[in-house]
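K.L.:
Dumping the structure here so I can ask a few things about it.
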Amino acid sequence: LGMDQTTHTALCNALMGTLSGYQDQRKAAEESLEKLETVPGFVCGLYNLTLSSDPQLQVIRHSAAIYLKNLAYKRWKPVAKLQENNLPDIFDEVTRKGIRDSLMQAMVGSPTVIRAQLGLLLRSILDCDFPEEWPGLMPTIVQFINSQDGPKINAALYALKIICYKYQYTAVSNPAREILNEIVRGSFPILMQMLRFLSSQQQSMDVLAMELLITKIFYATIYLSVPPYLLSSDVFTPWVQTFVAILQQPIPKDEEPESMEEREKWLPWKLKKWITSTFDRLFQRYAPARSQDITTDRAFGKAFLENYAVKLLQAFVTLLDQSSGTLPKKFTTCCLSFIGNSLYHSLTWKMVQEFLPGLFQKILFPLMIFTEQDQEDMDDDPQGWIREQFSFEAEFYDPKATVIGFVFDTVKLRGDKNLNVFVGHTLDILNRYQQTPVEHRNPGEKDGAIRLLGSISTLVIESPIFGPQVEDILKTHVIPELASPLPFLRARACWVFSKFSKIEFKDVELFDKCAQQALHLMQDPHLTVRVYAALSLKELIKDASVRKKLEPVITQVLEAYLQLLKQVESDDLVHALQYLVKKFSKHIADYTPVVMQNLVGVFMTACSNPQAMDEPGSTTFLAAQQALATVITLLLGIKKKPAIMAQVSDMMVQLVQTLCPMTIDMLTEYIAIAALMSYYSDPITDNLWLIFEKLCDSYIEYGEDFMDELIGPFDNFISRSTDKFLANPVYLQRICTMYQRVLENEHSPDRECCDLAQLMEVVLVYCKGRVDHIIPEVIRIAVERLKTTKSATLRVLLLEVVANSIYYNPAMTLAYLESQGLVRDIFTLWLDLLPKFTRLHDMKLVSLAFSSLFAVPAAQWPSALQALAKDLFVANMDVIHRFNQKRAEREAESDETSSDEEEEEDGEERANGVGDDDDIYSSEVDEEDEDEELFMQKLREEAKVYADGEDVDAQNMSEALFEKIFGGVPGLDDDDEDEFGLVDDDEFSSKIDDVDEVLFFLEAFQVFSNRDSAACAQLMQSCGPQDEAKFKQLTAEAGNRSNKQSDK
């Protein structure tokens, strides 16, 4: 593998340039590398530099490895795919074979940072070539493992881990799963021998590293389904025994890092964490008997539960009991997760139940204590500490959160009797704290106690034993800490008080005083206290009296929230602000632009961190999403205030311009903002049309799944600003491009085609008489798709494109259909499908189209259409009858519903003494909160408590656990999309709504009668008595409607 000296020198210089501290030099170097890519020998030279041991080249070796890895990711593809995308094949077959043949040996002598890049290179090659083009890889790996050569064994285990990761999420039904099964059969006997040997040796860092790699390999293979080789207890049991032996080996305390952060990364603890995660995964994934699992997995789960779960549970409890609070968080959480999973199975629950009091007192509650480390972290980096408290990851890696989850699930699943264990001990701790002299108290212990109570507040409030005591508990143990000299206790007390604020206080003055204290804490000098006070306010303002007192100072409160948002990245904080905005929307309209500007700032700051935004579960992403949600809430509050809408217009344009692939998961929020701005802005300014352009570009590039939502804002722009839409030809061209691109693509989903057909209707209806040049192409595209689709819904909407074209210009449409020989086929199909036109809008459009045909002189009717004249005439009258009948039914239902609601509201007002003159803090304001409370109450009523000897149904696991077990598995819940239908929507409106279908029909027919009397007479003679009666009935109805319009 070689290259000429000139290219070698140029390559080295370019790689050196990528390390420059100057951006222009780095950019020039990157451009040089791109030009060199197609030079013969470039890839070989890059590979040689990656492997070079020349001391003079070490500075660019890592850069070479990174560039090679990135190049392989993009270009190590099947040749056919490269040709399809017009990409040169820089990894020719000779080069590919050379790299494949030498890569394993290359990984042997490489430093860790280089090996990591070679591992990613290996993954790209595996995706393209393994196993067909690389049959020698596994034999080489097995040979290296058997070599008794440390570096070779390490390289082989590392490569095997990458291979297993490739198949970790491969479903059992996928034939590729057999590749993993074969790998397990061929390598696991050797790995078992090696792991046993390693576990018996001195636990050096080299030994631990190999044990860790083997553990990760095992974890990947059992993640989704147990390989057949491991189903035998003779094979599986030694793995369990060896893992447990490693788990129970003592930690060398003299070498253990003091920092908990470093302890998390330290190999001995890292290995134990991975082993614990493996057992936890086995327990989570297989012990719950799921009907959709294959038979072997269900049998394995039963065996695991009966033969291993109890012993492992004992081992984890012992480990935690001996820890004295020195264990790393992630390891502790994994142990607790296993113990928590024991609640779901009667066999393990029996054991947990026996030592539950001791488990809670000695192991679980001590983990709740606010430690010196917590205090240090909060003082050193309050923003980071707050972010960690409310991060999504905390649910899975924070022992405190795991303890709370365990307590909640125990009571929810195994009955209220267990609440006595948890709350009883917690109250004992609080009472003991109260009786202890101040200088000997442990404030961290009190923080843990009241945090636990606040976290399970719903259970405590509903408890017949502890519910009546809540106000006294708050008065004695929580409220005094609102004035604590310790910031963490002030913050915690404020939060706990808010969690219990929905109880009915006997001492109303006490509640008012505490609510006022909580509000004052938003001005606390400590950031943590201010944040917790802001979060607490969300709960407190559910009380009408608090809202009323807050009204005069609401702008100052909003300002405090905005200041916090500048200091802390928190989606919870943004959500609290959103709730505040909802409750006080009538009072903050004038302040909205200020709030909006700050929210846009929050969003822009989040977008400046693309790595965090690329993770939908990250705090940064969630904060950005909540910021957009709050913007939407604010817009809803000012939608009928055009002056304020105008003030925020430019900000909204700036916001929507940030739409890109990085923010695609928030496209729904962007669309909502666009819809509100395009509907309520009066007029739609030139600047707002930038939103239209951005949405069009985004749809074409990456938003094809969102057209059903995009129709709203597109409709607004076209219907409310038609002149500007047509003034710029590019706008119409973009709509036509989207329409053509989707409908002509045979792979486009029917649902998306439906959306584009409806969008084209907006253009034809609102631009009537002004876009003649697009009509033939619009019809052609619709008809071509009509020939291939099997979807009844799409057929209806495609025929409606034809209907709209007829209504737009019947003569032009008929002329085009005749020129293509389509008249008979289209109208015959249309008449056959008329029963499918079920919406009011569908029926009205059909009627207007059929009626429009009579505006065309009979001499211009194609012969095929003349033969169907009677059918169309009669069908039109039937459609009008169906339309009137359905509209009358809808109006009757609407009147009945309105009457019932009015009676109910009147009854409520009489019962509650609330009249029209009552202030805005009536029960109506709390409707959303009441709905939420009713929903939660329903969930609690439906929740099943399981007997001690009963297993919890797998389907009734907590949502978090279910997601943790089965979430992220591709294809697990991917069902085929059902055939979709069209439904009437009260919010759906169109310009044709203003057209009276009966008058339109009779006026068109009158024109036809006057102009083509002979054809009209012939048509009427062909009709039977029933048809004549229908016509007379419509004529009479037309007279009534004309009189009503005259009266108006």
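Following the order of the structure tokens, chains are lettered A, B, ..., residues in each are numbered from 1, and ligands are numbered from 1.
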Any idea what's packed within 8 Å of region 459-469 of chain A, counting only C-alpha atoms, ignoring anything in its chain fewer than 3 positions away? Could you give it as a ChimeraX atom specification?
P.N.:
/A:408,416,453,456,472-473,500,503
K.L.:
Go ahead and dump the residues you just picked, C-alpha atoms, as an mmCIF file, in the first residue's frame.
P.N.:
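Saved result, part_20.cif, follows:
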data_model
loop_
_atom_site.group_PDB
_atom_site.id
_atom_site.type_symbol
_atom_site.label_atom_id
_atom_site.label_comp_id
_atom_site.auth_asym_id
_atom_site.auth_seq_id
_atom_site.Cartn_x
_atom_site.Cartn_y
_atom_site.Cartn_z
ATOM 1 C CA PHE A 408 -43.675 4.905 44.550
ATOM 2 C CA ASP A 416 -50.797 1.046 50.800
ATOM 3 C CA LEU A 453 -42.367 13.106 51.185
ATOM 4 C CA ILE A 456 -44.689 10.846 46.879
ATOM 5 C CA ASP A 472 -49.314 19.384 60.767
ATOM 6 C CA ILE A 473 -46.311 17.741 59.068
ATOM 7 C CA PHE A 500 -48.714 19.631 49.118
ATOM 8 C CA ILE A 503 -54.663 20.146 50.178
#
K.L.:
Tell me which protein, DNA and RNA residues are within 10 Å of region 857-866 of chain A, counting only C-alpha atoms, leaving out same-chain ones fewer than 4 positions away, and put them as a ChimeraX atom specification.
P.N.:
/A:811,814-815,817-819,821-825,827-828,853,870-872,1007-1008,1011-1016,1019
K.L.:
Could you take the residues named above and write them with C-alpha atoms, as a short mmCIF file (atom, residue, chain, number, x, y, z; two decimals), in the first residue's frame?
P.N.:
data_model
loop_
_atom_site.label_atom_id
_atom_site.label_comp_id
_atom_site.auth_asym_id
_atom_site.auth_seq_id
_atom_site.Cartn_x
_atom_site.Cartn_y
_atom_site.Cartn_z
CA ALA A 811 -64.44 24.62 -20.58
CA LEU A 814 -63.18 19.50 -20.46
CA ALA A 815 -61.02 20.44 -23.43
CA LEU A 817 -59.69 15.79 -20.65
CA GLU A 818 -61.03 15.30 -24.17
CA SER A 819 -57.61 15.85 -25.73
CA GLY A 821 -59.22 10.73 -24.14
CA LEU A 822 -60.05 10.74 -20.44
CA VAL A 823 -63.62 12.03 -20.27
CA ARG A 824 -65.48 8.72 -20.12
CA ASP A 825 -63.01 7.06 -17.72
CA PHE A 827 -66.58 10.67 -15.06
CA THR A 828 -67.51 6.97 -14.94
CA LEU A 853 -70.52 21.73 -16.46
CA LYS A 870 -78.60 12.54 -17.30
CA ASP A 871 -76.44 10.59 -14.82
CA LEU A 872 -74.57 13.76 -13.86
CA VAL A 1007 -78.17 29.42 -18.26
CA PHE A 1008 -78.05 25.99 -19.85
CA ARG A 1011 -78.79 28.87 -24.22
CA ASP A 1012 -79.33 25.20 -25.15
CA SER A 1013 -83.09 24.78 -24.91
CA ALA A 1014 -83.20 21.73 -27.15
CA ALA A 1015 -80.49 19.90 -25.19
CA CYS A 1016 -82.19 20.92 -21.94
CA LEU A 1019 -82.31 16.00 -20.81
#
K.L.:
From the options A:Ile190, A:Ile162, A:Ile222, A:Leu489, which residue's atoms come nearest to Arg451 (chain A), counting only C-alpha atoms?
P.N.:
A:Leu489
K.L.:
Need to verify the contact set: region 850-852 of chain A, 9 Å, only C-alpha atoms, exclusion of same-chain residues closer than 4 positions in sequence. Can you return it as a JSON list (two decimals) with N, CA, C and O atoms, in the first residue's frame?
P.N.:
[["chain", "number", "residue", "atom", "x", "y", "z"],
["A", 803, "ALA", "N", -62.34, 18.08, -9.89],
["A", 803, "ALA", "CA", -63.53, 18.87, -9.58],
["A", 803, "ALA", "C", -63.19, 20.34, -9.42],
["A", 803, "ALA", "O", -63.92, 21.23, -9.92],
["A", 806, "ILE", "N", -62.60, 21.87, -12.77],
["A", 806, "ILE", "CA", -63.86, 22.15, -13.47],
["A", 806, "ILE", "C", -64.50, 23.41, -12.91],
["A", 806, "ILE", "O", -64.95, 24.29, -13.65],
["A", 807, "TYR", "N", -64.53, 23.52, -11.57],
["A", 807, "TYR", "CA", -65.10, 24.71, -10.95],
["A", 807, "TYR", "C", -64.29, 25.95, -11.32],
["A", 807, "TYR", "O", -64.83, 27.03, -11.53],
["A", 808, "TYR", "N", -62.97, 25.79, -11.45],
["A", 808, "TYR", "CA", -62.07, 26.89, -11.83],
["A", 808, "TYR", "C", -62.37, 27.34, -13.26],
["A", 808, "TYR", "O", -62.56, 28.53, -13.53],
["A", 809, "ASN", "N", -62.43, 26.39, -14.20],
["A", 809, "ASN", "CA", -62.69, 26.71, -15.60],
["A", 809, "ASN", "C", -63.18, 25.45, -16.29],
["A", 809, "ASN", "O", -62.40, 24.63, -16.77],
["A", 810, "PRO", "N", -64.50, 25.26, -16.34],
["A", 810, "PRO", "CA", -65.04, 24.00, -16.86],
["A", 810, "PRO", "C", -64.69, 23.76, -18.34],
["A", 810, "PRO", "O", -64.39, 22.63, -18.72],
["A", 845, "LEU", "N", -68.31, 20.34, -3.12],
["A", 845, "LEU", "CA", -67.39, 20.49, -4.25],
["A", 845, "LEU", "C", -67.88, 19.70, -5.46],
["A", 845, "LEU", "O", -67.82, 20.19, -6.60],
["A", 846, "VAL", "N", -68.34, 18.49, -5.23],
["A", 846, "VAL", "CA", -68.89, 17.68, -6.34],
["A", 846, "VAL", "C", -70.05, 18.42, -6.98],
["A", 846, "VAL", "O", -70.15, 18.53, -8.22],
["A", 856, "VAL", "N", -71.03, 25.31, -19.62],
["A", 856, "VAL", "CA", -70.35, 25.10, -20.90],
["A", 856, "VAL", "C", -71.41, 24.84, -21.96],
["A", 856, "VAL", "O", -72.31, 24.00, -21.76],
["A", 872, "LEU", "N", -75.18, 12.67, -14.60],
["A", 872, "LEU", "CA", -74.57, 13.76, -13.86],
["A", 872, "LEU", "C", -75.64, 14.68, -13.27],
["A", 872, "LEU", "O", -75.52, 15.15, -12.13],
["A", 873, "PHE", "N", -76.69, 14.94, -14.01],
["A", 873, "PHE", "CA", -77.78, 15.79, -13.55],
["A", 873, "PHE", "C", -78.45, 15.19, -12.32],
["A", 873, "PHE", "O", -78.65, 15.86, -11.29],
["A", 875, "ALA", "N", -77.24, 12.73, -10.41],
["A", 875, "ALA", "CA", -76.26, 12.57, -9.32],
["A", 875, "ALA", "C", -76.07, 13.87, -8.57],
["A", 875, "ALA", "O", -75.94, 13.88, -7.33],
["A", 876, "ASN", "N", -76.10, 14.97, -9.28],
["A", 876, "ASN", "CA", -75.93, 16.27, -8.63],
["A", 876, "ASN", "C", -77.07, 16.54, -7.66],
["A", 876, "ASN", "O", -76.87, 16.99, -6.52],
["A", 997, "GLU", "N", -74.98, 25.99, -2.83],
["A", 997, "GLU", "CA", -74.92, 24.94, -3.85],
["A", 997, "GLU", "C", -76.24, 24.82, -4.63],
["A", 997, "GLU", "O", -76.24, 24.53, -5.84],
["A", 1000, "PHE", "N", -76.49, 27.93, -6.93],
["A", 1000, "PHE", "CA", -75.46, 27.81, -7.97],
["A", 1000, "PHE", "C", -75.90, 26.81, -9.05],
["A", 1000, "PHE", "O", -75.76, 27.06, -10.24],
["A", 1001, "PHE", "N", -76.46, 25.68, -8.60],
["A", 1001, "PHE", "CA", -76.91, 24.64, -9.54],
["A", 1001, "PHE", "C", -78.04, 25.17, -10.42],
["A", 1001, "PHE", "O", -78.01, 25.04, -11.66],
["A", 1002, "LEU", "N", -79.03, 25.78, -9.81],
["A", 1002, "LEU", "CA", -80.19, 26.22, -10.58],
["A", 1002, "LEU", "C", -79.85, 27.39, -11.51],
["A", 1002, "LEU", "O", -80.39, 27.51, -12.62],
["A", 1003, "GLU", "N", -78.94, 28.28, -11.03],
["A", 1003, "GLU", "CA", -78.52, 29.38, -11.91],
["A", 1003, "GLU", "C", -77.77, 28.84, -13.13],
["A", 1003, "GLU", "O", -77.98, 29.31, -14.25],
["A", 1004, "ALA", "N", -76.87, 27.85, -12.89],
["A", 1004, "ALA", "CA", -76.14, 27.26, -14.01],
["A", 1004, "ALA", "C", -77.10, 26.53, -14.96],
["A", 1004, "ALA", "O", -76.98, 26.62, -16.19],
["A", 1005, "PHE", "N", -78.08, 25.85, -14.36],
["A", 1005, "PHE", "CA", -79.02, 25.11, -15.19],
["A", 1005, "PHE", "C", -79.92, 26.08, -15.98],
["A", 1005, "PHE", "O", -80.33, 25.80, -17.12]]
K.L.:
Counting only C-alpha atoms, which residue out of A:Val226, A:Leu120, A:Met843, A:Cys696 sits closest to Gln168 (chain A)?
P.N.:
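Smallest separation from Gln168 (chain A) among the options: A:Val226.
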K.L.:
Leaving out Phe422 (chain A) and any residue of its chain fewer than 4 positions from it, which residues lie within 10 Å of it when counting only C-alpha atoms, given as a PyMOL selection string?
P.N.:
chain A and resi 356-357+360-361+364-365+407-408+410-411+417-418+426-427+449+452-453
K.L.:
If we count only C-alpha atoms and set the cut-off at 6 Å, which residues sit around region 67-79 of chain A, ignoring sequence neighbours fewer than 2 positions away in its own chain? Please answer as a ChimeraX atom specification.
P.N.:
/A:64-65,81-82,121,124,128
K.L.:
Okay, now the selection with N, CA, C and O atoms, as an mmCIF file, in the first residue's frame?
P.N.:
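The file below, out-v8.cif, is the result:
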data_model
loop_
_atom_site.group_PDB
_atom_site.id
_atom_site.type_symbol
_atom_site.label_atom_id
_atom_site.label_comp_id
_atom_site.auth_asym_id
_atom_site.auth_seq_id
_atom_site.Cartn_x
_atom_site.Cartn_y
_atom_site.Cartn_z
ATOM 1 N N ALA A 64 -4.809 11.855 10.697
ATOM 2 C CA ALA A 64 -4.938 10.935 9.564
ATOM 3 C C ALA A 64 -5.982 9.863 9.859
ATOM 4 O O ALA A 64 -6.800 9.512 8.997
ATOM 5 N N ALA A 65 -5.965 9.353 11.080
ATOM 6 C CA ALA A 65 -6.909 8.303 11.466
ATOM 7 C C ALA A 65 -8.344 8.824 11.436
ATOM 8 O O ALA A 65 -9.267 8.145 10.960
ATOM 9 N N LYS A 81 -24.018 1.806 -5.275
ATOM 10 C CA LYS A 81 -24.562 2.950 -4.553
ATOM 11 C C LYS A 81 -23.732 4.200 -4.811
ATOM 12 O O LYS A 81 -24.267 5.305 -4.922
ATOM 13 N N LEU A 82 -22.415 4.040 -4.908
ATOM 14 C CA LEU A 82 -21.556 5.179 -5.225
ATOM 15 C C LEU A 82 -21.888 5.737 -6.600
ATOM 16 O O LEU A 82 -21.971 6.949 -6.796
ATOM 17 N N LEU A 121 -13.519 2.754 11.826
ATOM 18 C CA LEU A 121 -13.253 2.335 10.449
ATOM 19 C C LEU A 121 -13.746 0.907 10.244
ATOM 20 O O LEU A 121 -14.402 0.592 9.237
ATOM 21 N N SER A 124 -17.518 0.757 9.725
ATOM 22 C CA SER A 124 -17.945 1.122 8.374
ATOM 23 C C SER A 124 -17.723 -0.024 7.398
ATOM 24 O O SER A 124 -18.557 -0.285 6.516
ATOM 25 N N CYS A 128 -20.638 -2.721 5.224
ATOM 26 C CA CYS A 128 -20.644 -2.938 3.774
ATOM 27 C C CYS A 128 -20.217 -4.353 3.374
ATOM 28 O O CYS A 128 -20.811 -4.941 2.459
#
K.L.:
Show me, as a VMD selection string, the residues that have an atom within 12 Å of region 767-771 of chain A when counting only C-alpha atoms, minus same-chain residues fewer than 4 positions from it.
P.N.:
chain A and resid 715 718 to 727 729 732 to 733 736 760 to 763 775 to 778 804 to 810 812 991 to 992
K.L.:
Run DSSP on the backbone and grab whatever in region 258-469 of chain A lands in helix (DSSP H, G or I); send it over as a VMD selection string.
P.N.:
chain A and resid 260 to 265 267 to 286 295 to 321 329 to 344 346 to 354 356 to 368 372 to 380 382 to 389 394 to 397 399 to 414 416 to 435 438 to 440 443 to 455 457 to 462 467 to 469
